$ cat query-v5.txt   # compact mmCIF, N, CA and C atoms
# COMPACT_ATOMS: atom_id res chain seq x y z
N MET A 1104 -3.53 44.12 -20.73
CA MET A 1104 -2.57 45.14 -21.13
C MET A 1104 -3.32 46.32 -21.69
N ILE A 1105 -2.78 47.47 -21.56
CA ILE A 1105 -3.43 48.69 -22.00
C ILE A 1105 -3.38 48.75 -23.51
N LYS A 1106 -4.51 49.08 -24.13
CA LYS A 1106 -4.71 48.97 -25.56
C LYS A 1106 -3.75 49.83 -26.39
N SER A 1107 -3.46 51.06 -25.97
CA SER A 1107 -2.69 51.95 -26.81
C SER A 1107 -1.18 51.75 -26.68
N LYS A 1108 -0.78 50.82 -25.91
CA LYS A 1108 0.64 50.57 -25.73
C LYS A 1108 0.96 49.15 -26.15
N TYR A 1109 2.16 48.94 -26.63
CA TYR A 1109 2.58 47.58 -26.91
C TYR A 1109 4.06 47.48 -26.62
N LEU A 1110 4.46 46.33 -26.20
CA LEU A 1110 5.84 46.09 -25.81
C LEU A 1110 6.69 45.90 -27.06
N LEU A 1111 7.76 46.68 -27.15
CA LEU A 1111 8.66 46.56 -28.29
C LEU A 1111 9.81 45.60 -27.99
N PHE A 1112 10.38 45.68 -26.81
CA PHE A 1112 11.48 44.82 -26.43
C PHE A 1112 11.21 44.30 -25.02
N GLY A 1113 11.46 43.04 -24.79
CA GLY A 1113 11.30 42.47 -23.46
C GLY A 1113 12.54 42.74 -22.62
N ILE A 1114 12.39 42.60 -21.34
CA ILE A 1114 13.54 42.72 -20.45
C ILE A 1114 14.15 41.33 -20.35
N SER A 1115 15.40 41.23 -20.74
CA SER A 1115 16.04 39.92 -20.67
C SER A 1115 17.53 40.08 -20.42
N PHE A 1116 18.08 39.04 -19.85
CA PHE A 1116 19.51 38.99 -19.59
C PHE A 1116 20.07 37.81 -20.38
N VAL A 1117 21.13 38.06 -21.11
CA VAL A 1117 21.75 37.01 -21.90
C VAL A 1117 23.22 36.96 -21.53
N CYS A 1118 23.69 35.78 -21.19
CA CYS A 1118 25.11 35.61 -20.86
C CYS A 1118 25.81 34.99 -22.05
N ILE A 1119 26.81 35.69 -22.55
CA ILE A 1119 27.57 35.20 -23.70
C ILE A 1119 29.05 35.32 -23.33
N GLY A 1120 29.70 34.18 -23.24
CA GLY A 1120 31.14 34.18 -22.97
C GLY A 1120 31.51 34.93 -21.70
N GLY A 1121 30.70 34.85 -20.66
CA GLY A 1121 31.00 35.51 -19.41
C GLY A 1121 30.53 36.95 -19.34
N TYR A 1122 29.98 37.48 -20.42
CA TYR A 1122 29.46 38.85 -20.43
C TYR A 1122 27.94 38.79 -20.34
N THR A 1123 27.39 39.73 -19.60
CA THR A 1123 25.93 39.80 -19.48
C THR A 1123 25.43 40.97 -20.32
N VAL A 1124 24.50 40.69 -21.19
CA VAL A 1124 23.89 41.71 -22.03
C VAL A 1124 22.48 41.92 -21.51
N VAL A 1125 22.11 43.16 -21.31
CA VAL A 1125 20.79 43.49 -20.79
C VAL A 1125 20.01 44.22 -21.88
N PHE A 1126 18.82 43.72 -22.15
CA PHE A 1126 17.91 44.39 -23.07
C PHE A 1126 16.81 45.03 -22.23
N THR A 1127 16.53 46.27 -22.49
CA THR A 1127 15.49 46.96 -21.72
C THR A 1127 14.19 46.98 -22.50
N SER A 1128 13.14 47.40 -21.84
CA SER A 1128 11.85 47.43 -22.52
C SER A 1128 11.45 48.86 -22.81
N CYS A 1129 10.67 49.00 -23.85
CA CYS A 1129 10.12 50.28 -24.25
C CYS A 1129 8.68 50.05 -24.67
N ALA A 1130 7.92 51.09 -24.69
CA ALA A 1130 6.54 51.00 -25.17
C ALA A 1130 6.27 52.21 -26.04
N LYS A 1131 5.25 52.11 -26.86
CA LYS A 1131 4.88 53.22 -27.70
C LYS A 1131 3.62 53.85 -27.11
N GLU A 1132 3.69 55.14 -26.84
CA GLU A 1132 2.56 55.87 -26.28
C GLU A 1132 2.24 57.03 -27.21
N LYS A 1133 1.17 56.89 -27.96
CA LYS A 1133 0.70 57.92 -28.89
C LYS A 1133 1.84 58.46 -29.76
N GLY A 1134 2.54 57.56 -30.43
CA GLY A 1134 3.54 57.95 -31.40
C GLY A 1134 4.93 58.19 -30.85
N LYS A 1135 5.15 58.01 -29.56
CA LYS A 1135 6.49 58.22 -29.03
C LYS A 1135 6.88 57.05 -28.14
N LEU A 1136 8.17 56.76 -28.10
CA LEU A 1136 8.65 55.68 -27.25
C LEU A 1136 8.88 56.20 -25.84
N VAL A 1137 8.46 55.43 -24.87
CA VAL A 1137 8.67 55.78 -23.47
C VAL A 1137 9.16 54.54 -22.74
N ALA A 1138 9.97 54.74 -21.71
CA ALA A 1138 10.42 53.61 -20.89
C ALA A 1138 9.25 53.11 -20.06
N VAL A 1139 9.18 51.82 -19.88
CA VAL A 1139 8.12 51.21 -19.10
C VAL A 1139 8.71 50.70 -17.79
N ALA A 1140 8.23 51.27 -16.68
CA ALA A 1140 8.68 50.82 -15.37
C ALA A 1140 7.89 49.58 -14.99
N PRO A 1141 8.47 48.72 -14.19
CA PRO A 1141 7.69 47.57 -13.73
C PRO A 1141 6.51 48.05 -12.89
N PRO A 1142 5.39 47.33 -12.92
CA PRO A 1142 4.25 47.76 -12.14
C PRO A 1142 4.57 47.76 -10.65
N PRO A 1143 3.99 48.69 -9.91
CA PRO A 1143 4.25 48.72 -8.48
C PRO A 1143 3.71 47.46 -7.81
N ALA A 1144 4.39 47.00 -6.78
CA ALA A 1144 3.98 45.78 -6.08
C ALA A 1144 2.71 46.00 -5.27
N ALA A 1145 2.59 47.15 -4.64
CA ALA A 1145 1.42 47.44 -3.83
C ALA A 1145 0.94 48.85 -4.14
N VAL A 1146 -0.36 49.01 -4.19
CA VAL A 1146 -0.95 50.31 -4.48
C VAL A 1146 -1.95 50.62 -3.38
N SER A 1147 -1.90 51.83 -2.89
CA SER A 1147 -2.80 52.28 -1.84
C SER A 1147 -3.82 53.25 -2.43
N PHE A 1148 -5.08 53.08 -2.07
CA PHE A 1148 -6.10 54.02 -2.53
C PHE A 1148 -5.75 55.44 -2.07
N ALA A 1149 -5.46 55.59 -0.78
CA ALA A 1149 -5.21 56.93 -0.22
C ALA A 1149 -3.93 57.56 -0.78
N ASN A 1150 -2.88 56.76 -0.94
CA ASN A 1150 -1.58 57.33 -1.34
C ASN A 1150 -1.34 57.35 -2.84
N ASP A 1151 -1.99 56.46 -3.60
CA ASP A 1151 -1.71 56.35 -5.03
C ASP A 1151 -2.91 56.71 -5.92
N ILE A 1152 -4.08 56.17 -5.61
CA ILE A 1152 -5.23 56.33 -6.49
C ILE A 1152 -5.92 57.67 -6.28
N MET A 1153 -6.19 58.05 -5.04
CA MET A 1153 -6.90 59.30 -4.79
C MET A 1153 -6.14 60.52 -5.32
N PRO A 1154 -4.80 60.57 -5.20
CA PRO A 1154 -4.09 61.70 -5.81
C PRO A 1154 -4.27 61.77 -7.34
N ILE A 1155 -4.37 60.62 -8.00
CA ILE A 1155 -4.63 60.62 -9.45
C ILE A 1155 -6.02 61.18 -9.71
N MET A 1156 -7.00 60.72 -8.92
CA MET A 1156 -8.38 61.19 -9.09
C MET A 1156 -8.46 62.70 -8.87
N THR A 1157 -7.78 63.18 -7.83
CA THR A 1157 -7.80 64.61 -7.52
C THR A 1157 -7.16 65.43 -8.64
N ALA A 1158 -6.04 64.96 -9.16
CA ALA A 1158 -5.32 65.70 -10.20
C ALA A 1158 -6.00 65.63 -11.57
N LYS A 1159 -6.62 64.50 -11.89
CA LYS A 1159 -7.10 64.28 -13.26
C LYS A 1159 -8.62 64.21 -13.42
N CYS A 1160 -9.37 63.96 -12.32
CA CYS A 1160 -10.79 63.63 -12.49
C CYS A 1160 -11.76 64.56 -11.76
N THR A 1161 -11.38 65.01 -10.57
CA THR A 1161 -12.37 65.70 -9.74
C THR A 1161 -12.69 67.12 -10.18
N ASN A 1162 -11.96 67.67 -11.15
CA ASN A 1162 -12.37 68.97 -11.69
C ASN A 1162 -13.76 68.87 -12.30
N CYS A 1163 -14.08 67.71 -12.86
CA CYS A 1163 -15.41 67.49 -13.45
C CYS A 1163 -16.26 66.55 -12.60
N HIS A 1164 -15.64 65.52 -12.04
CA HIS A 1164 -16.38 64.47 -11.34
C HIS A 1164 -16.40 64.69 -9.82
N SER A 1165 -16.99 65.80 -9.41
CA SER A 1165 -17.19 66.06 -7.98
C SER A 1165 -18.35 67.03 -7.81
N GLY A 1166 -18.95 67.00 -6.65
CA GLY A 1166 -20.02 67.94 -6.34
C GLY A 1166 -21.23 67.82 -7.24
N GLY A 1167 -21.44 66.65 -7.83
CA GLY A 1167 -22.60 66.45 -8.68
C GLY A 1167 -22.51 67.07 -10.06
N MET A 1168 -21.32 67.62 -10.43
CA MET A 1168 -21.18 68.23 -11.76
C MET A 1168 -21.26 67.19 -12.87
N GLN A 1169 -20.66 66.05 -12.64
CA GLN A 1169 -20.62 64.99 -13.65
C GLN A 1169 -20.72 63.66 -12.92
N ASN A 1170 -21.56 62.77 -13.38
CA ASN A 1170 -21.73 61.48 -12.74
C ASN A 1170 -20.70 60.49 -13.31
N PRO A 1171 -20.01 59.71 -12.52
CA PRO A 1171 -20.08 59.62 -11.06
C PRO A 1171 -19.14 60.62 -10.40
N ASP A 1172 -19.42 60.96 -9.14
CA ASP A 1172 -18.47 61.72 -8.34
C ASP A 1172 -17.28 60.80 -8.08
N LEU A 1173 -16.09 61.32 -8.26
CA LEU A 1173 -14.88 60.51 -8.03
C LEU A 1173 -14.01 61.12 -6.95
N ASP A 1174 -14.63 61.90 -6.06
CA ASP A 1174 -13.86 62.56 -5.02
C ASP A 1174 -13.84 61.80 -3.70
N THR A 1175 -14.56 60.68 -3.64
CA THR A 1175 -14.52 59.80 -2.46
C THR A 1175 -14.55 58.35 -2.93
N TYR A 1176 -14.21 57.45 -2.02
CA TYR A 1176 -14.09 56.04 -2.37
C TYR A 1176 -15.41 55.41 -2.81
N THR A 1177 -16.50 55.66 -2.09
CA THR A 1177 -17.75 54.93 -2.32
C THR A 1177 -18.28 55.06 -3.75
N PRO A 1178 -18.43 56.27 -4.29
CA PRO A 1178 -18.92 56.33 -5.68
C PRO A 1178 -17.90 55.81 -6.70
N LEU A 1179 -16.62 55.98 -6.40
CA LEU A 1179 -15.59 55.43 -7.29
C LEU A 1179 -15.68 53.92 -7.32
N LYS A 1180 -15.83 53.30 -6.15
CA LYS A 1180 -15.93 51.84 -6.07
C LYS A 1180 -17.17 51.35 -6.80
N ALA A 1181 -18.28 52.09 -6.73
CA ALA A 1181 -19.48 51.70 -7.48
C ALA A 1181 -19.20 51.70 -8.98
N SER A 1182 -18.44 52.67 -9.45
CA SER A 1182 -18.07 52.74 -10.86
C SER A 1182 -17.11 51.61 -11.24
N VAL A 1183 -16.24 51.24 -10.31
CA VAL A 1183 -15.35 50.08 -10.52
C VAL A 1183 -16.18 48.82 -10.62
N ASP A 1184 -17.11 48.64 -9.67
CA ASP A 1184 -17.90 47.42 -9.61
C ASP A 1184 -18.78 47.21 -10.84
N ASN A 1185 -19.29 48.29 -11.44
CA ASN A 1185 -20.14 48.11 -12.62
C ASN A 1185 -19.33 48.11 -13.92
N GLY A 1186 -18.01 48.24 -13.84
CA GLY A 1186 -17.14 48.14 -15.01
C GLY A 1186 -16.91 49.44 -15.76
N THR A 1187 -17.63 50.48 -15.40
CA THR A 1187 -17.52 51.75 -16.11
C THR A 1187 -16.13 52.37 -15.97
N PHE A 1188 -15.61 52.36 -14.76
CA PHE A 1188 -14.32 53.00 -14.50
C PHE A 1188 -13.21 52.40 -15.36
N LYS A 1189 -13.06 51.09 -15.31
CA LYS A 1189 -11.99 50.43 -16.09
C LYS A 1189 -12.20 50.65 -17.58
N ASN A 1190 -13.45 50.53 -18.02
CA ASN A 1190 -13.73 50.70 -19.45
C ASN A 1190 -13.35 52.09 -19.94
N ARG A 1191 -13.73 53.13 -19.21
CA ARG A 1191 -13.46 54.50 -19.67
C ARG A 1191 -12.00 54.90 -19.49
N VAL A 1192 -11.40 54.47 -18.36
CA VAL A 1192 -10.05 54.94 -18.04
C VAL A 1192 -8.95 54.10 -18.69
N LEU A 1193 -9.11 52.77 -18.69
CA LEU A 1193 -8.04 51.90 -19.18
C LEU A 1193 -8.30 51.29 -20.54
N VAL A 1194 -9.55 50.99 -20.87
CA VAL A 1194 -9.85 50.34 -22.15
C VAL A 1194 -10.03 51.39 -23.25
N LEU A 1195 -11.03 52.24 -23.12
CA LEU A 1195 -11.27 53.28 -24.12
C LEU A 1195 -10.27 54.42 -24.03
N GLN A 1196 -9.76 54.63 -22.84
CA GLN A 1196 -8.81 55.72 -22.56
C GLN A 1196 -9.33 57.06 -23.03
N ASP A 1197 -10.63 57.30 -22.80
CA ASP A 1197 -11.20 58.60 -23.16
C ASP A 1197 -11.39 59.51 -21.94
N MET A 1198 -10.84 59.10 -20.82
CA MET A 1198 -10.84 59.92 -19.62
C MET A 1198 -9.40 60.09 -19.16
N PRO A 1199 -9.01 61.26 -18.81
CA PRO A 1199 -9.75 62.51 -18.87
C PRO A 1199 -9.82 63.04 -20.30
N PRO A 1200 -10.94 63.65 -20.66
CA PRO A 1200 -11.09 64.17 -22.02
C PRO A 1200 -10.35 65.48 -22.22
N GLY A 1201 -9.78 65.64 -23.38
CA GLY A 1201 -9.20 66.92 -23.76
C GLY A 1201 -7.87 67.29 -23.13
N GLY A 1202 -7.67 67.03 -21.87
CA GLY A 1202 -6.46 67.45 -21.19
C GLY A 1202 -5.32 66.48 -21.38
N VAL A 1203 -4.38 66.54 -20.48
CA VAL A 1203 -3.23 65.65 -20.52
C VAL A 1203 -3.70 64.25 -20.11
N PRO A 1204 -3.43 63.23 -20.93
CA PRO A 1204 -3.89 61.87 -20.59
C PRO A 1204 -3.13 61.32 -19.39
N LEU A 1205 -3.68 60.27 -18.83
CA LEU A 1205 -3.00 59.60 -17.72
C LEU A 1205 -1.67 59.04 -18.20
N SER A 1206 -0.66 59.16 -17.37
CA SER A 1206 0.64 58.61 -17.72
C SER A 1206 0.59 57.08 -17.65
N ALA A 1207 1.56 56.45 -18.27
CA ALA A 1207 1.66 54.99 -18.20
C ALA A 1207 1.80 54.54 -16.75
N ALA A 1208 2.54 55.30 -15.94
CA ALA A 1208 2.72 54.94 -14.52
C ALA A 1208 1.39 55.02 -13.78
N ASP A 1209 0.59 56.06 -14.04
CA ASP A 1209 -0.73 56.17 -13.40
C ASP A 1209 -1.65 55.05 -13.85
N GLN A 1210 -1.61 54.71 -15.12
CA GLN A 1210 -2.44 53.61 -15.63
C GLN A 1210 -2.04 52.29 -14.97
N GLN A 1211 -0.73 52.08 -14.78
CA GLN A 1211 -0.26 50.85 -14.12
C GLN A 1211 -0.74 50.80 -12.68
N LYS A 1212 -0.66 51.92 -11.97
CA LYS A 1212 -1.14 51.96 -10.58
C LYS A 1212 -2.62 51.61 -10.52
N ILE A 1213 -3.40 52.19 -11.41
CA ILE A 1213 -4.84 51.92 -11.43
C ILE A 1213 -5.09 50.45 -11.73
N GLN A 1214 -4.36 49.88 -12.69
CA GLN A 1214 -4.55 48.47 -13.05
C GLN A 1214 -4.21 47.56 -11.88
N VAL A 1215 -3.11 47.83 -11.18
CA VAL A 1215 -2.73 47.02 -10.03
C VAL A 1215 -3.80 47.14 -8.94
N TRP A 1216 -4.28 48.35 -8.70
CA TRP A 1216 -5.33 48.57 -7.70
C TRP A 1216 -6.58 47.77 -8.06
N LEU A 1217 -6.98 47.82 -9.33
CA LEU A 1217 -8.15 47.07 -9.78
C LEU A 1217 -7.90 45.56 -9.65
N ASP A 1218 -6.73 45.11 -10.04
CA ASP A 1218 -6.39 43.68 -9.95
C ASP A 1218 -6.43 43.17 -8.51
N ASN A 1219 -6.18 44.07 -7.57
CA ASN A 1219 -6.20 43.70 -6.14
C ASN A 1219 -7.58 43.89 -5.52
N GLY A 1220 -8.60 44.13 -6.33
CA GLY A 1220 -9.96 44.26 -5.82
C GLY A 1220 -10.37 45.66 -5.46
N ALA A 1221 -9.60 46.66 -5.85
CA ALA A 1221 -9.90 48.08 -5.59
C ALA A 1221 -10.18 48.33 -4.11
N PRO A 1222 -9.22 47.97 -3.24
CA PRO A 1222 -9.47 48.12 -1.80
C PRO A 1222 -9.42 49.59 -1.35
N ASN A 1223 -10.14 49.87 -0.27
CA ASN A 1223 -10.12 51.20 0.34
C ASN A 1223 -9.02 51.20 1.41
N ASN A 1224 -7.79 51.30 0.94
CA ASN A 1224 -6.64 51.23 1.85
C ASN A 1224 -5.81 52.50 1.81
$ encode --input "query-v5.txt" --output "structure tokens"
Amino acid sequence: MIKSKYLLFGISFVCIGGYTVVFTSCAKEKGKLVAVAPPPAAVSFANDIMPIMTAKCTNCHSGGMQNPDLDTYTPLKASVDNGTFKNRVLVLQDMPPGGVPLSAADQQKIQVWLDNGAPNN
């Protein structure tokens, strides 16, 4: 689970006297409550991960400006394989620095992609 977030309420259904009560989930993200969507079932490198890299990472991590280059799969996968990518992006959450942090949805996509072996799909 991502370090800066914690689950406040679980998603559950309770039937009482023929009525169904639904409790939704929320998470705390840097001092504010946000709704937590279920993680996506499938994540594609080309359709989900690369757009995140382009929007949030390649301003610095491309063309040799900052190691590693994150504008293509091969150097990104090397960073995944040595643990640097997950540590900086999901554990320490210090990337991207200074700007708008990754959304909870983007973090979930990255986690699912990593959990599936970070395929080039």
$ atom_distance --input "query-v5.txt" --atom1 "atom C of A:Lys1212" --atom2 "atom C of A:His1164"
19.0 Å
$ atom_distance --input "query-v5.txt" --atom1 "atom CA of A:Tyr1176" --atom2 "atom CA of A:Gln1211"
18.9 Å
$ atom_distance --input "query-v5.txt" --atom1 "atom CA of A:Lys1180" --atom2 "atom N of A:Pro1200"
19.4 Å
$ closest_residue --input "query-v5.txt" --among "A:Cys1163, A:Ile1155, A:Ala1221, A:Ala1181" --to "A:Asp1209" --atoms "all atoms listed in the file"
A:Ile1155
$ select_by_dssp --input "query-v5.txt" --residues "stretch 1131-1218 of chain A" --states "strand (DSSP E or B)" --output "count of residues only"
6
$ decode --input "query-v5.txt" --residues "stretch 1140-1180 of chain A" --atoms "N, CA and C atoms" --output "mmCIF file, in the first residue's frame"
data_model
loop_
_atom_site.group_PDB
_atom_site.id
_atom_site.type_symbol
_atom_site.label_atom_id
_atom_site.label_comp_id
_atom_site.auth_asym_id
_atom_site.auth_seq_id
_atom_site.Cartn_x
_atom_site.Cartn_y
_atom_site.Cartn_z
ATOM 1 N N ALA A 1140 -10.654 4.920 -6.021
ATOM 2 C CA ALA A 1140 -11.249 4.036 -7.019
ATOM 3 C C ALA A 1140 -10.586 2.676 -6.906
ATOM 4 N N PRO A 1141 -11.290 1.630 -7.265
ATOM 5 C CA PRO A 1141 -10.644 0.320 -7.257
ATOM 6 C C PRO A 1141 -9.506 0.306 -8.275
ATOM 7 N N PRO A 1142 -8.444 -0.454 -8.008
ATOM 8 C CA PRO A 1142 -7.342 -0.483 -8.949
ATOM 9 C C PRO A 1142 -7.781 -1.046 -10.294
ATOM 10 N N PRO A 1143 -7.203 -0.550 -11.377
ATOM 11 C CA PRO A 1143 -7.576 -1.069 -12.684
ATOM 12 C C PRO A 1143 -7.187 -2.538 -12.811
ATOM 13 N N ALA A 1144 -7.988 -3.295 -13.536
ATOM 14 C CA ALA A 1144 -7.729 -4.727 -13.701
ATOM 15 C C ALA A 1144 -6.521 -4.976 -14.588
ATOM 16 N N ALA A 1145 -6.372 -4.191 -15.630
ATOM 17 C CA ALA A 1145 -5.255 -4.366 -16.551
ATOM 18 C C ALA A 1145 -4.648 -3.000 -16.852
ATOM 19 N N VAL A 1146 -3.338 -2.969 -16.934
ATOM 20 C CA VAL A 1146 -2.634 -1.733 -17.226
ATOM 21 C C VAL A 1146 -1.709 -1.989 -18.400
ATOM 22 N N SER A 1147 -1.711 -1.069 -19.336
ATOM 23 C CA SER A 1147 -0.867 -1.170 -20.518
ATOM 24 C C SER A 1147 0.264 -0.156 -20.418
ATOM 25 N N PHE A 1148 1.475 -0.578 -20.740
ATOM 26 C CA PHE A 1148 2.592 0.360 -20.747
ATOM 27 C C PHE A 1148 2.313 1.506 -21.722
ATOM 28 N N ALA A 1149 1.929 1.164 -22.951
ATOM 29 C CA ALA A 1149 1.731 2.183 -23.984
ATOM 30 C C ALA A 1149 0.554 3.113 -23.673
ATOM 31 N N ASN A 1150 -0.540 2.556 -23.154
ATOM 32 C CA ASN A 1150 -1.752 3.360 -22.950
ATOM 33 C C ASN A 1150 -1.867 3.998 -21.575
ATOM 34 N N ASP A 1151 -1.217 3.427 -20.558
ATOM 35 C CA ASP A 1151 -1.380 3.922 -19.191
ATOM 36 C C ASP A 1151 -0.092 4.480 -18.580
ATOM 37 N N ILE A 1152 1.002 3.744 -18.706
ATOM 38 C CA ILE A 1152 2.232 4.132 -18.014
ATOM 39 C C ILE A 1152 3.005 5.201 -18.782
ATOM 40 N N MET A 1153 3.194 5.019 -20.080
ATOM 41 C CA MET A 1153 3.965 5.989 -20.849
ATOM 42 C C MET A 1153 3.346 7.388 -20.821
ATOM 43 N N PRO A 1154 2.008 7.522 -20.889
ATOM 44 C CA PRO A 1154 1.439 8.874 -20.750
ATOM 45 C C PRO A 1154 1.749 9.527 -19.391
ATOM 46 N N ILE A 1155 1.821 8.731 -18.329
ATOM 47 C CA ILE A 1155 2.199 9.279 -17.018
ATOM 48 C C ILE A 1155 3.651 9.747 -17.070
ATOM 49 N N MET A 1156 4.524 8.915 -17.651
ATOM 50 C CA MET A 1156 5.945 9.276 -17.757
ATOM 51 C C MET A 1156 6.112 10.558 -18.571
ATOM 52 N N THR A 1157 5.386 10.651 -19.675
ATOM 53 C CA THR A 1157 5.481 11.832 -20.541
ATOM 54 C C THR A 1157 5.001 13.082 -19.812
ATOM 55 N N ALA A 1158 3.900 12.976 -19.095
ATOM 56 C CA ALA A 1158 3.330 14.139 -18.412
ATOM 57 C C ALA A 1158 4.115 14.550 -17.169
ATOM 58 N N LYS A 1159 4.675 13.582 -16.439
ATOM 59 C CA LYS A 1159 5.248 13.876 -15.129
ATOM 60 C C LYS A 1159 6.767 13.722 -15.027
ATOM 61 N N CYS A 1160 7.400 12.989 -15.962
ATOM 62 C CA CYS A 1160 8.798 12.609 -15.749
ATOM 63 C C CYS A 1160 9.771 13.063 -16.827
ATOM 64 N N THR A 1161 9.330 13.046 -18.081
ATOM 65 C CA THR A 1161 10.289 13.246 -19.166
ATOM 66 C C THR A 1161 10.750 14.685 -19.351
ATOM 67 N N ASN A 1162 10.148 15.637 -18.654
ATOM 68 C CA ASN A 1162 10.695 16.997 -18.701
ATOM 69 C C ASN A 1162 12.121 17.008 -18.167
ATOM 70 N N CYS A 1163 12.405 16.147 -17.204
ATOM 71 C CA CYS A 1163 13.762 16.039 -16.640
ATOM 72 C C CYS A 1163 14.463 14.762 -17.087
ATOM 73 N N HIS A 1164 13.723 13.661 -17.149
ATOM 74 C CA HIS A 1164 14.316 12.346 -17.400
ATOM 75 C C HIS A 1164 14.230 11.943 -18.873
ATOM 76 N N SER A 1165 14.867 12.732 -19.728
ATOM 77 C CA SER A 1165 14.957 12.380 -21.152
ATOM 78 C C SER A 1165 16.167 13.082 -21.754
ATOM 79 N N GLY A 1166 16.662 12.533 -22.828
ATOM 80 C CA GLY A 1166 17.771 13.159 -23.542
ATOM 81 C C GLY A 1166 19.043 13.286 -22.731
ATOM 82 N N GLY A 1167 19.213 12.436 -21.723
ATOM 83 C CA GLY A 1167 20.424 12.473 -20.925
ATOM 84 C C GLY A 1167 20.494 13.598 -19.905
ATOM 85 N N MET A 1168 19.388 14.359 -19.731
ATOM 86 C CA MET A 1168 19.399 15.463 -18.764
ATOM 87 C C MET A 1168 19.498 14.947 -17.335
ATOM 88 N N GLN A 1169 18.805 13.878 -17.051
ATOM 89 C CA GLN A 1169 18.764 13.310 -15.698
ATOM 90 C C GLN A 1169 18.704 11.801 -15.838
ATOM 91 N N ASN A 1170 19.520 11.084 -15.095
ATOM 92 C CA ASN A 1170 19.533 9.637 -15.163
ATOM 93 C C ASN A 1170 18.484 9.071 -14.199
ATOM 94 N N PRO A 1171 17.673 8.108 -14.576
ATOM 95 C CA PRO A 1171 17.614 7.444 -15.876
ATOM 96 C C PRO A 1171 16.698 8.180 -16.837
ATOM 97 N N ASP A 1172 16.903 7.966 -18.134
ATOM 98 C CA ASP A 1172 15.940 8.438 -19.125
ATOM 99 C C ASP A 1172 14.671 7.615 -18.944
ATOM 100 N N LEU A 1173 13.542 8.281 -18.933
ATOM 101 C CA LEU A 1173 12.265 7.580 -18.753
ATOM 102 C C LEU A 1173 11.348 7.793 -19.945
ATOM 103 N N ASP A 1174 11.947 8.087 -21.110
ATOM 104 C CA ASP A 1174 11.140 8.352 -22.287
ATOM 105 C C ASP A 1174 10.959 7.131 -23.185
ATOM 106 N N THR A 1175 11.587 6.014 -22.823
ATOM 107 C CA THR A 1175 11.382 4.755 -23.543
ATOM 108 C C THR A 1175 11.340 3.612 -22.529
ATOM 109 N N TYR A 1176 10.863 2.466 -22.977
ATOM 110 C CA TYR A 1176 10.670 1.328 -22.086
ATOM 111 C C TYR A 1176 11.977 0.792 -21.496
ATOM 112 N N THR A 1177 13.017 0.622 -22.306
ATOM 113 C CA THR A 1177 14.224 -0.075 -21.858
ATOM 114 C C THR A 1177 14.881 0.563 -20.632
ATOM 115 N N PRO A 1178 15.161 1.862 -20.627
ATOM 116 C CA PRO A 1178 15.769 2.423 -19.411
ATOM 117 C C PRO A 1178 14.807 2.457 -18.221
ATOM 118 N N LEU A 1179 13.520 2.618 -18.494
ATOM 119 C CA LEU A 1179 12.531 2.574 -17.412
ATOM 120 C C LEU A 1179 12.513 1.198 -16.782
ATOM 121 N N LYS A 1180 12.513 0.158 -17.612
ATOM 122 C CA LYS A 1180 12.500 -1.215 -17.097
ATOM 123 C C LYS A 1180 13.761 -1.502 -16.290
#
